[in-house]
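A quick write-up on the structure given underneath.
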Amino acid sequence: QVQLVESGGGSVQAGGSLKLSCAGPRRIFGSCGFGWYRQAPGKEREFVSTIDTGDTRYSPSVKGRFTISQVNAEATLYLQMDNLKSEDTAVYYCAACRTSGGFQYWGQGTQVTISS
């Protein structure tokens, strides 16, 4: 079983920054792709960003403002979020080890709230 633990969520004003972290077992870093997703109140979970063998992808809504990265030595996935907007308010989830059926493992989520 793989446990992913997110941290770094919180409340900030629009225009501010937050950095989310997702810690997991060292054995999956270097062998798995990772992603960040979010779910706003009353909406479905949506794609934010993925990273796989160095290749990064972003939703158009966050491209240029968010940066995904991973530090294998720390066994941690990051999401740097800058110039935050009220529409970024959501619970953010990290995911690991993508297969043809989607990501195998998910974290518990961390709340991000942006006030205007």
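Please note that chains go A, B, ... in the order of the structure tokens, that every chain numbers its residues from 1, and that ligands are numbered from 1 in the order shown.
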### Task
Quick one: everything within 9 Å of Cys22 (chain A), counting only C-alpha atoms, minus sequence neighbours fewer than 2 positions away in the same chain. Send it as a ChimeraX atom specification.
/A:4-8,20,24,75-79,93-95,107
### Message
Residues within 8 Å of Cys32 (chain A), please, as a list in words. Count only C-alpha atoms; anything in the same chain fewer than 5 positions from it doesn't count.
### Response
Asp52, Ala96, Cys97 and Arg98 of chain A
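Take the candidates A:Ile51, A:Ala23, A:Leu84, A:Ala73 and check each one against Gln3 (chain A) using only C-alpha atoms; the shortest distance goes to A:Ala23.
Among the candidates A:Thr53, A:Gln108, A:Ile114, A:Gly9, the one nearest to Ser31 (chain A) when counting only C-alpha atoms is A:Thr53.
Using only C-alpha atoms, the nearest neighbour of Phe34 (chain A) within the list A:Ser116, A:Gly102, A:Ser11, A:Ala90 is A:Gly102.
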### Task
For CA of Pro25 (chain A) and CA of Tyr92 (chain A), determine how far apart the two atoms are, in Å to one decimal place.
19.4 Å
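Taking only C-alpha atoms into account, Val91 (chain A) lies nearest to A:Gln111 out of the set A:Gly64, A:Arg26, A:Tyr105, A:Gln111.
When CA of Asp82 (chain A) is paired with CA of Gly15 (chain A), their separation reads 7.1 Å.
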